[in-house]
>>> print(open('protein.txt').read())   # compact mmCIF, C-alpha atoms and all ligand atoms
# COMPACT_ATOMS: atom_id res chain seq x y z
CA THR A 1 114.98 96.20 71.83
CA HIS A 2 111.38 96.56 70.70
CA THR A 3 110.92 98.73 67.62
CA ILE A 4 107.43 100.17 67.65
CA ILE A 5 104.94 102.44 65.93
CA PHE A 6 102.51 103.78 68.52
CA ASP A 7 98.99 104.53 67.31
CA THR A 8 97.21 106.83 69.73
CA ASP A 9 94.45 109.36 70.51
CA PRO A 10 95.98 111.41 73.35
CA GLY A 11 94.08 111.47 75.77
CA VAL A 12 95.25 111.50 79.39
CA ASP A 13 96.21 107.83 79.70
CA ASP A 14 97.67 107.91 76.19
CA ALA A 15 99.91 110.79 77.30
CA GLN A 16 101.32 108.70 80.13
CA ALA A 17 101.85 105.76 77.79
CA ILE A 18 103.71 108.05 75.36
CA ALA A 19 105.94 109.20 78.23
CA LEU A 20 106.64 105.53 79.01
CA ILE A 21 107.64 104.54 75.48
CA MET A 22 109.91 107.59 75.24
CA ALA A 23 111.53 106.81 78.59
CA HIS A 24 112.07 103.08 78.28
CA PRO A 25 115.59 102.11 77.18
CA GLU A 26 114.41 98.94 75.43
CA ILE A 27 111.87 100.70 73.22
CA GLU A 28 112.74 102.35 69.92
CA VAL A 29 109.86 104.57 68.75
CA LEU A 30 109.78 104.92 64.95
CA GLY A 31 106.76 107.18 65.08
CA LEU A 32 103.47 108.10 66.64
CA THR A 33 100.39 107.79 64.47
CA THR A 34 97.26 109.63 65.52
CA THR A 35 93.54 108.99 65.35
CA PHE A 36 90.31 110.58 66.50
CA GLY A 37 88.94 109.07 69.71
CA ASN A 38 89.40 110.90 72.99
CA VAL A 39 89.73 114.07 70.86
CA ARG A 40 89.47 115.08 67.19
CA VAL A 41 92.45 113.90 65.19
CA GLU A 42 93.95 117.40 64.79
CA THR A 43 94.04 117.72 68.58
CA ALA A 44 95.51 114.22 68.91
CA THR A 45 98.31 115.23 66.52
CA ARG A 46 98.95 118.48 68.37
CA ASN A 47 99.13 116.63 71.69
CA ALA A 48 101.43 113.96 70.30
CA LEU A 49 103.82 116.62 68.95
CA LEU A 50 103.64 118.59 72.19
CA LEU A 51 104.37 115.58 74.39
CA THR A 52 107.43 114.58 72.36
CA GLU A 53 108.73 118.16 72.42
CA LEU A 54 108.22 118.46 76.18
CA ALA A 55 110.35 115.33 76.54
CA GLY A 56 113.01 116.88 74.27
CA GLN A 57 112.59 114.15 71.66
CA THR A 58 112.15 114.31 67.91
CA ILE A 59 109.76 111.58 66.88
CA PRO A 60 107.73 111.65 63.65
CA VAL A 61 103.98 112.11 64.17
CA ALA A 62 101.79 110.96 61.29
CA GLN A 63 98.15 112.01 61.36
CA GLY A 64 95.45 109.49 60.57
CA ALA A 65 91.77 108.66 60.85
CA ASP A 66 89.48 111.62 61.47
CA TYR A 67 86.25 109.59 61.42
CA PRO A 68 85.06 106.01 61.91
CA LEU A 69 84.99 103.87 58.76
CA VAL A 70 81.22 103.41 58.73
CA LYS A 71 79.36 104.62 61.81
CA THR A 72 78.43 108.19 62.71
CA PRO A 73 81.06 109.60 65.07
CA HIS A 74 80.01 110.24 68.66
CA PRO A 75 80.95 113.48 70.46
CA VAL A 76 84.41 113.57 72.07
CA PRO A 77 84.36 112.60 75.77
CA ALA A 78 85.41 116.07 77.02
CA HIS A 79 84.20 115.26 80.55
CA ILE A 80 86.76 112.43 80.80
CA HIS A 81 89.88 113.74 79.02
CA GLY A 82 89.06 117.45 78.74
CA ALA A 83 88.19 119.26 75.53
CA ASP A 84 91.92 119.33 74.71
CA GLY A 85 92.53 115.69 75.66
CA LEU A 86 94.87 116.79 78.46
CA GLY A 87 92.40 117.92 81.11
CA ASN A 88 91.88 121.47 79.80
CA GLN A 89 95.31 123.05 80.12
CA THR A 90 96.64 126.23 78.57
CA LEU A 91 99.64 125.06 76.60
CA ASP A 92 101.74 126.58 73.82
CA ALA A 93 101.33 125.15 70.35
CA PRO A 94 104.00 122.62 69.36
CA SER A 95 106.72 123.86 67.03
CA GLY A 96 106.80 120.70 64.91
CA GLN A 97 104.46 119.64 62.12
CA ALA A 98 102.80 116.37 61.24
CA HIS A 99 104.67 113.98 58.94
CA GLU A 100 103.94 114.19 55.21
CA LEU A 101 102.58 110.62 55.13
CA SER A 102 99.23 109.72 56.61
CA ALA A 103 99.22 107.32 59.56
CA ALA A 104 98.24 104.33 57.41
CA GLN A 105 100.85 105.16 54.76
CA PHE A 106 103.45 105.57 57.49
CA ILE A 107 102.66 102.08 58.82
CA VAL A 108 102.81 100.60 55.31
CA GLU A 109 106.11 102.33 54.45
CA LYS A 110 107.95 101.61 57.69
CA THR A 111 107.01 97.94 57.62
CA ARG A 112 108.31 97.76 54.05
CA GLU A 113 111.63 99.22 55.19
CA ARG A 114 111.90 96.88 58.16
CA PRO A 115 109.84 93.76 57.50
CA GLY A 116 109.38 91.48 60.49
CA GLU A 117 110.88 93.96 62.93
CA ILE A 118 108.11 96.35 63.93
CA THR A 119 105.56 95.96 66.70
CA LEU A 120 102.41 97.96 66.04
CA MET A 121 100.91 99.22 69.26
CA ALA A 122 97.42 100.70 69.05
CA VAL A 123 95.74 102.35 72.02
CA GLY A 124 92.90 104.21 70.33
CA PRO A 125 90.17 103.38 67.80
CA LEU A 126 91.60 101.09 65.12
CA GLY A 127 90.96 103.01 61.87
CA ASN A 128 94.63 103.54 61.01
CA LEU A 129 95.45 99.85 61.27
CA ALA A 130 92.36 98.93 59.26
CA MET A 131 93.32 101.49 56.62
CA ALA A 132 96.89 100.15 56.46
CA ILE A 133 95.46 96.69 55.72
CA ALA A 134 93.23 98.20 53.03
CA LEU A 135 96.17 100.06 51.44
CA ASP A 136 98.42 97.02 51.46
CA PRO A 137 96.95 93.68 52.64
CA ASP A 138 100.47 92.22 52.81
CA VAL A 139 101.21 94.50 55.79
CA VAL A 140 99.85 91.69 58.01
CA ASN A 141 102.86 89.58 57.03
CA ARG A 142 105.40 92.31 57.72
CA VAL A 143 104.67 93.31 61.31
CA LYS A 144 106.30 91.43 64.14
CA GLN A 145 103.22 91.69 66.32
CA VAL A 146 100.23 93.90 67.09
CA VAL A 147 99.46 94.89 70.67
CA ILE A 148 96.21 96.71 71.25
CA MET A 149 94.60 98.34 74.24
CA GLY A 150 90.92 97.81 73.69
CA GLY A 151 88.03 95.46 74.09
CA SER A 152 86.94 93.25 76.92
CA ALA A 153 86.61 89.48 77.01
CA ALA A 154 84.74 88.93 80.25
CA ARG A 155 84.57 92.26 82.00
CA GLY A 156 81.81 94.10 80.14
CA GLY A 157 82.29 97.55 78.69
CA ASN A 158 82.93 101.10 79.77
CA VAL A 159 80.92 102.97 77.12
CA THR A 160 77.99 100.59 77.08
CA PRO A 161 77.44 97.54 79.31
CA LEU A 162 79.18 95.51 76.58
CA ALA A 163 81.51 97.81 74.66
CA GLU A 164 84.93 99.27 75.46
CA ALA A 165 85.62 102.80 74.18
CA ASN A 166 88.27 102.12 71.52
CA ILE A 167 86.25 99.34 69.92
CA PHE A 168 82.95 101.21 70.25
CA SER A 169 84.45 104.27 68.51
CA ASP A 170 85.01 102.29 65.30
CA PRO A 171 83.69 98.73 65.48
CA HIS A 172 84.06 98.11 61.75
CA ALA A 173 87.76 98.99 61.87
CA ALA A 174 88.18 96.90 65.01
CA LYS A 175 86.58 93.88 63.34
CA ARG A 176 89.07 94.07 60.47
CA VAL A 177 92.03 94.45 62.78
CA LEU A 178 91.05 91.83 65.36
CA THR A 179 90.23 89.21 62.74
CA ALA A 180 93.22 89.89 60.46
CA ASP A 181 95.85 87.21 60.13
CA TRP A 182 98.65 88.78 62.15
CA PRO A 183 99.98 87.92 65.61
CA LEU A 184 97.84 90.01 67.95
CA VAL A 185 97.61 90.55 71.68
CA MET A 186 94.57 92.21 73.23
CA VAL A 187 95.15 94.13 76.45
CA GLY A 188 91.61 95.07 77.39
CA LEU A 189 89.44 96.05 80.33
CA ASP A 190 89.90 92.55 81.80
CA VAL A 191 93.31 93.73 82.99
CA THR A 192 93.35 97.52 82.75
CA LEU A 193 90.51 97.88 85.29
CA ASP A 194 92.62 95.93 87.78
CA THR A 195 95.51 98.38 87.48
CA VAL A 196 95.40 101.72 89.31
CA ILE A 197 97.74 104.69 89.52
CA THR A 198 97.10 106.32 92.89
CA PRO A 199 97.51 110.09 93.44
CA ASP A 200 100.70 109.69 95.52
CA ARG A 201 102.26 107.46 92.88
CA MET A 202 101.32 110.06 90.27
CA ALA A 203 102.97 112.80 92.33
CA ARG A 204 106.26 110.88 92.31
CA ILE A 205 105.97 110.29 88.55
CA ALA A 206 105.34 113.99 87.92
CA GLU A 207 108.46 114.88 89.87
CA GLY A 208 110.52 112.51 87.76
CA GLN A 209 109.34 113.91 84.44
CA GLY A 210 110.23 117.63 84.52
CA GLU A 211 108.21 119.84 82.16
CA LEU A 212 106.38 116.82 80.80
CA GLY A 213 105.60 115.79 84.39
CA LYS A 214 103.63 118.98 85.02
CA VAL A 215 101.42 118.33 82.00
CA LEU A 216 100.96 114.67 82.95
CA SER A 217 100.04 115.52 86.50
CA GLN A 218 97.53 118.25 85.61
CA SER A 219 95.85 115.98 83.11
CA TYR A 220 95.84 113.18 85.68
CA ASP A 221 93.98 115.40 88.17
CA PHE A 222 91.19 116.03 85.66
CA TYR A 223 90.99 112.31 84.76
CA ALA A 224 90.98 111.39 88.48
CA ASP A 225 87.93 113.60 89.06
CA PHE A 226 86.11 111.54 86.48
CA TYR A 227 87.13 108.22 88.09
CA ARG A 228 86.09 109.51 91.51
CA SER A 229 82.64 110.62 90.39
CA ALA A 230 82.01 107.75 87.95
CA ILE A 231 83.19 104.73 89.95
CA GLY A 232 84.32 106.09 93.31
CA LEU A 233 87.96 105.18 92.66
CA ASP A 234 90.81 107.11 94.29
CA GLY A 235 93.15 106.94 91.31
CA CYS A 236 93.05 106.27 87.57
CA CYS A 237 93.32 103.16 85.45
CA PRO A 238 96.33 103.58 83.15
CA HIS A 239 94.66 101.69 80.29
CA ASP A 240 97.13 102.50 77.54
CA SER A 241 100.23 102.11 79.72
CA CYS A 242 99.10 98.52 80.41
CA ALA A 243 99.73 97.70 76.75
CA VAL A 244 103.28 99.04 77.09
CA ALA A 245 103.71 97.02 80.28
CA TRP A 246 102.69 93.89 78.39
CA LEU A 247 105.36 94.53 75.76
CA ILE A 248 108.14 94.72 78.35
CA HIS A 249 106.76 92.47 81.09
CA PRO A 250 104.35 89.89 79.67
CA GLU A 251 104.95 87.86 82.83
CA PHE A 252 102.82 90.36 84.77
CA PHE A 253 99.83 89.06 82.77
CA GLU A 254 97.98 85.81 82.22
CA THR A 255 96.94 85.37 78.61
CA VAL A 256 94.55 82.95 76.96
CA THR A 257 94.75 81.95 73.29
CA GLY A 258 91.56 82.07 71.28
CA HIS A 259 89.59 83.82 68.57
CA LEU A 260 88.00 87.26 68.47
CA ASP A 261 85.14 88.90 66.68
CA VAL A 262 83.47 92.30 67.01
CA VAL A 263 79.78 93.18 66.97
CA THR A 264 79.43 96.09 64.53
CA GLU A 265 75.75 97.01 64.81
CA GLY A 266 72.79 96.89 67.16
CA THR A 267 72.51 96.98 70.92
CA ALA A 268 75.77 95.11 71.41
CA GLU A 269 77.66 97.38 68.98
CA GLY A 270 81.34 97.48 69.85
CA GLN A 271 81.33 94.32 71.93
CA THR A 272 84.33 92.05 71.50
CA ILE A 273 83.48 88.37 71.56
CA PHE A 274 86.23 86.06 72.70
CA ALA A 275 86.20 82.32 72.06
CA PRO A 276 89.00 80.60 74.00
CA ALA A 277 90.72 77.95 71.86
CA GLU A 278 90.41 75.34 74.60
CA ARG A 279 86.61 75.49 74.43
CA GLN A 280 84.66 73.42 71.92
CA TYR A 281 81.78 75.08 70.09
CA VAL A 282 79.20 73.44 67.86
CA SER A 283 79.68 76.25 65.36
CA ASP A 284 83.09 76.05 63.69
CA ARG A 285 83.14 79.71 62.70
CA TRP A 286 85.33 80.53 65.69
CA SER A 287 88.17 78.27 64.72
CA GLN A 288 88.23 79.92 61.28
CA THR A 289 89.40 83.31 62.54
CA PRO A 290 93.12 83.61 63.33
CA ALA A 291 94.29 82.86 66.86
CA VAL A 292 95.05 85.80 69.14
CA GLN A 293 96.18 86.19 72.72
CA VAL A 294 93.90 87.91 75.20
CA CYS A 295 95.09 89.17 78.58
CA MET A 296 92.69 87.85 81.22
CA LYS A 297 94.52 88.54 84.50
CA VAL A 298 97.16 90.95 85.72
CA ASP A 299 99.32 91.71 88.70
CA GLY A 300 98.09 95.32 88.79
CA GLU A 301 100.49 96.37 91.54
CA ALA A 302 103.45 95.07 89.54
CA VAL A 303 102.30 97.06 86.50
CA SER A 304 101.74 100.33 88.33
CA SER A 305 105.00 100.09 90.25
CA TRP A 306 106.82 99.35 86.95
CA ILE A 307 105.18 102.46 85.45
CA GLU A 308 106.45 104.52 88.34
CA LYS A 309 109.93 103.02 88.16
CA THR A 310 110.18 103.67 84.42
CA LEU A 311 109.09 107.30 84.77
CA THR A 312 111.19 108.27 87.79
C1 LIG B 401 90.52 103.45 76.26
O1 LIG B 401 89.63 104.50 75.86
C2 LIG B 401 90.27 105.74 75.92
O2 LIG B 401 89.43 106.68 76.54
C3 LIG B 401 91.55 105.54 76.67
O3 LIG B 401 92.56 106.40 76.18
C4 LIG B 401 91.89 104.10 76.43
O4 LIG B 401 92.62 103.94 75.24
C5 LIG B 401 89.97 102.79 77.52
O5 LIG B 401 88.72 102.23 77.27
CA CA B 402 93.71 105.82 74.15
>>> encode(input="protein.txt", output="structure tokens", more="lines below")
Ligand code: BDR
Ligand code: CA
Amino acid sequence: THTIIFDTDPGVDDAQAIALIMAHPEIEVLGLTTTFGNVRVETATRNALLLTELAGQTIPVAQGADYPLVKTPHPVPAHIHGADGLGNQTLDAPSGQAHELSAAQFIVEKTRERPGEITLMAVGPLGNLAMAIALDPDVVNRVKQVVIMGGSAARGGNVTPLAEANIFSDPHAAKRVLTADWPLVMVGLDVTLDTVITPDRMARIAEGQGELGKVLSQSYDFYADFYRSAIGLDGCCPHDSCAVAWLIHPEFFETVTGHLDVVTEGTAEGQTIFAPAERQYVSDRWSQTPAVQVCMKVDGEAVSSWIEKTLT
């Protein structure tokens, strides 16, 4: 069993990933922690609560970062995820409330209770993880591993030609998290752009998910309109679900060990720079950052059929 804390900014693809972690028998979810990103953090918290309630589950939701650490926040991408993060649906308010601890405190506390056991999964901007390190630097020694959806090693960006959305939203936080000394896996655009959920696959998923399925499918339709107009794709890339797929089926992916850094300012702001360990560089700065694993290739069909199987 994988015991996880899931840090998220739901968000259409986040919502599907949340459905996956709730459905998978080998995943124990200690809590969801929320951040700004696809929506403001209050909306992210509301969506996280709502999604757990629609699935009939009681999972703590701890609210976190409402702004980037340093940069000026950019407007929420309402044309991609809807103003509500779920493709503009009319939904009742959740009945539950956010946890009394903040997201970063929640991460610090839970890893104190269960040192070495918890996988931190982060599929939004990385402020909560950065703040957890700031609150208690020893947290890096207590997590089992960190799996993030974000960044791009060789594929370019989706917000700018170089930057992926989660990293671009808070590059200073990302730099702290991606260069911290904990075992980290980056599941970025290099693999998520090669994974597609087609409309017919989504229809079968929706049928398998009851009340939650209706919300997932309506949000998918909105997200699919964006993919169609932006890149002419008939389907959506399930970015955040790919990180969950890695946790359960790392064999679907090819990873390369190396070192990461993040550009925090200027034209390349939000770019992740990946230096594979097998390459020799004249500058030794790269070998001084901790080693990470970066997903470079994926069997996209295996991932999307596993998503369907898990949700039906
Ligand atoms: C990432 O950005 C967000 O819009 C998605 O939820 C995903 O986490 C993809 O770049
Ligand atoms: Ca996300």
>>> residues_around(input="protein.txt", residues="Lys71 in chain A", least_positions_apart="6", cutoff="10 Å", atoms="all atoms listed in the file", output="list in words")
Phe168, Ser169, Asp170, Pro171, His172, Thr264 and Glu265 of chain A
>>> residues_near_ligand(input="protein.txt", ligand="ligand LIG 401 (chain B)", cutoff="8 Å", atoms="all atoms listed in the file", output="PyMOL selection string")
chain A and resi 8-14+37-38+77+80-81+123-125+149-151+158-159+164-166+188-189+239-240
>>> write_last_selection(input="protein.txt", atoms="C-alpha atoms", output="short mmCIF file (atom, residue, chain, number, x, y, z; two decimals), in the coordinates of the input")
data_model
loop_
_atom_site.label_atom_id
_atom_site.label_comp_id
_atom_site.auth_asym_id
_atom_site.auth_seq_id
_atom_site.Cartn_x
_atom_site.Cartn_y
_atom_site.Cartn_z
CA THR A 8 97.21 106.83 69.73
CA ASP A 9 94.45 109.36 70.51
CA PRO A 10 95.98 111.41 73.35
CA GLY A 11 94.08 111.47 75.77
CA VAL A 12 95.25 111.50 79.39
CA ASP A 13 96.21 107.83 79.70
CA ASP A 14 97.67 107.91 76.19
CA GLY A 37 88.94 109.07 69.71
CA ASN A 38 89.40 110.90 72.99
CA PRO A 77 84.36 112.60 75.77
CA ILE A 80 86.76 112.43 80.80
CA HIS A 81 89.88 113.74 79.02
CA VAL A 123 95.74 102.35 72.02
CA GLY A 124 92.90 104.21 70.33
CA PRO A 125 90.17 103.38 67.80
CA MET A 149 94.60 98.34 74.24
CA GLY A 150 90.92 97.81 73.69
CA GLY A 151 88.03 95.46 74.09
CA ASN A 158 82.93 101.10 79.77
CA VAL A 159 80.92 102.97 77.12
CA GLU A 164 84.93 99.27 75.46
CA ALA A 165 85.62 102.80 74.18
CA ASN A 166 88.27 102.12 71.52
CA GLY A 188 91.61 95.07 77.39
CA LEU A 189 89.44 96.05 80.33
CA HIS A 239 94.66 101.69 80.29
CA ASP A 240 97.13 102.50 77.54
#
>>> closest_residue(input="protein.txt", among="A:Cys295, A:Ala268, A:Ala103, A:Ala122", to="ligand CA 402 (chain B)", atoms="only C-alpha atoms and all ligand atoms")
A:Ala122
>>> closest_residue(input="protein.txt", among="A:Leu20, A:Ile5, A:Arg142, A:Arg46", to="Ala93 in chain A", atoms="only C-alpha atoms")
A:Arg46
>>> atom_distance(input="protein.txt", atom1="CA of Tyr220 in chain A", atom2="CA of Asp234 in chain A")
11.7 Å
>>> atom_distance(input="protein.txt", atom1="CA of Asn88 in chain A", atom2="CA of Gln218 in chain A")
8.7 Å
>>> closest_residue(input="protein.txt", among="A:Pro137, A:Gly85, A:Pro94, A:Pro115", to="ligand CA 402 (chain B)", atoms="only C-alpha atoms and all ligand atoms")
A:Gly85
>>> atom_distance(input="protein.txt", atom1="CA of Glu117 in chain A", atom2="CA of Ala180 in chain A")
18.3 Å
>>> residues_near_point(input="protein.txt", point="(78.3, 91.6, 78.7)", cutoff="10 Å", atoms="all atoms listed in the file", output="PyMOL selection string")
chain A and resi 152-157+160-163+268+271-273
>>> closest_residue(input="protein.txt", among="A:Ala62, A:Cys242, A:Ala48, A:Ile118", to="His99 in chain A", atoms="only C-alpha atoms")
A:Ala62
>>> residues_around(input="protein.txt", residues="range 285-287 of chain A", least_positions_apart="4", cutoff="8 Å", atoms="all atoms listed in the file", output="ChimeraX atom specification")
/A:259-260,275,277,281,291
>>> closest_residue(input="protein.txt", among="A:Leu178, A:Ile18, A:Leu101, A:Val215", to="ligand CA 402 (chain B)", atoms="only C-alpha atoms and all ligand atoms")
A:Ile18
>>> residues_around(input="protein.txt", residues="Phe106 in chain A", least_positions_apart="2", cutoff="10 Å", atoms="all atoms listed in the file", output="VMD selection string")
chain A and resid 5 30 to 33 60 to 64 99 to 104 108 to 112 128 132
>>> closest_residue(input="protein.txt", among="A:Ala83, A:Leu50, A:Ala243, A:Ala55", to="ligand CA 402 (chain B)", atoms="all atoms listed in the file")
A:Ala243
>>> residues_around(input="protein.txt", residues="Tyr67 in chain A", least_positions_apart="5", cutoff="9 Å", atoms="all atoms listed in the file", output="PDB file with C-alpha atoms, keeping the file's coordinate frame")
ATOM      1  CA  THR A  35      93.540 108.990  65.350  1.00  0.00           C
ATOM      2  CA  PHE A  36      90.310 110.580  66.500  1.00  0.00           C
ATOM      3  CA  GLY A  37      88.940 109.070  69.710  1.00  0.00           C
ATOM      4  CA  ARG A  40      89.470 115.080  67.190  1.00  0.00           C
ATOM      5  CA  VAL A  41      92.450 113.900  65.190  1.00  0.00           C
ATOM      6  CA  THR A  72      78.430 108.190  62.710  1.00  0.00           C
ATOM      7  CA  PRO A  73      81.060 109.600  65.070  1.00  0.00           C
ATOM      8  CA  GLY A 127      90.960 103.010  61.870  1.00  0.00           C
ATOM      9  CA  ASP A 170      85.010 102.290  65.300  1.00  0.00           C
TER      10      ASP A 170
END
>>> residues_around(input="protein.txt", residues="Tyr227 in chain A", least_positions_apart="3", cutoff="12 Å", atoms="only C-alpha atoms", output="ChimeraX atom specification")
/A:79-81,158,193,196-199,220-224,230-238
>>> axis_aligned_box(input="protein.txt", around="range 262-274 of chain A", padding_each_side="5 Å", output="lines of an AutoDock Vina configuration file")
center_x = 79.4
center_y = 91.8
center_z = 68.6
size_x = 23.7
size_y = 21.4
size_z = 18.2
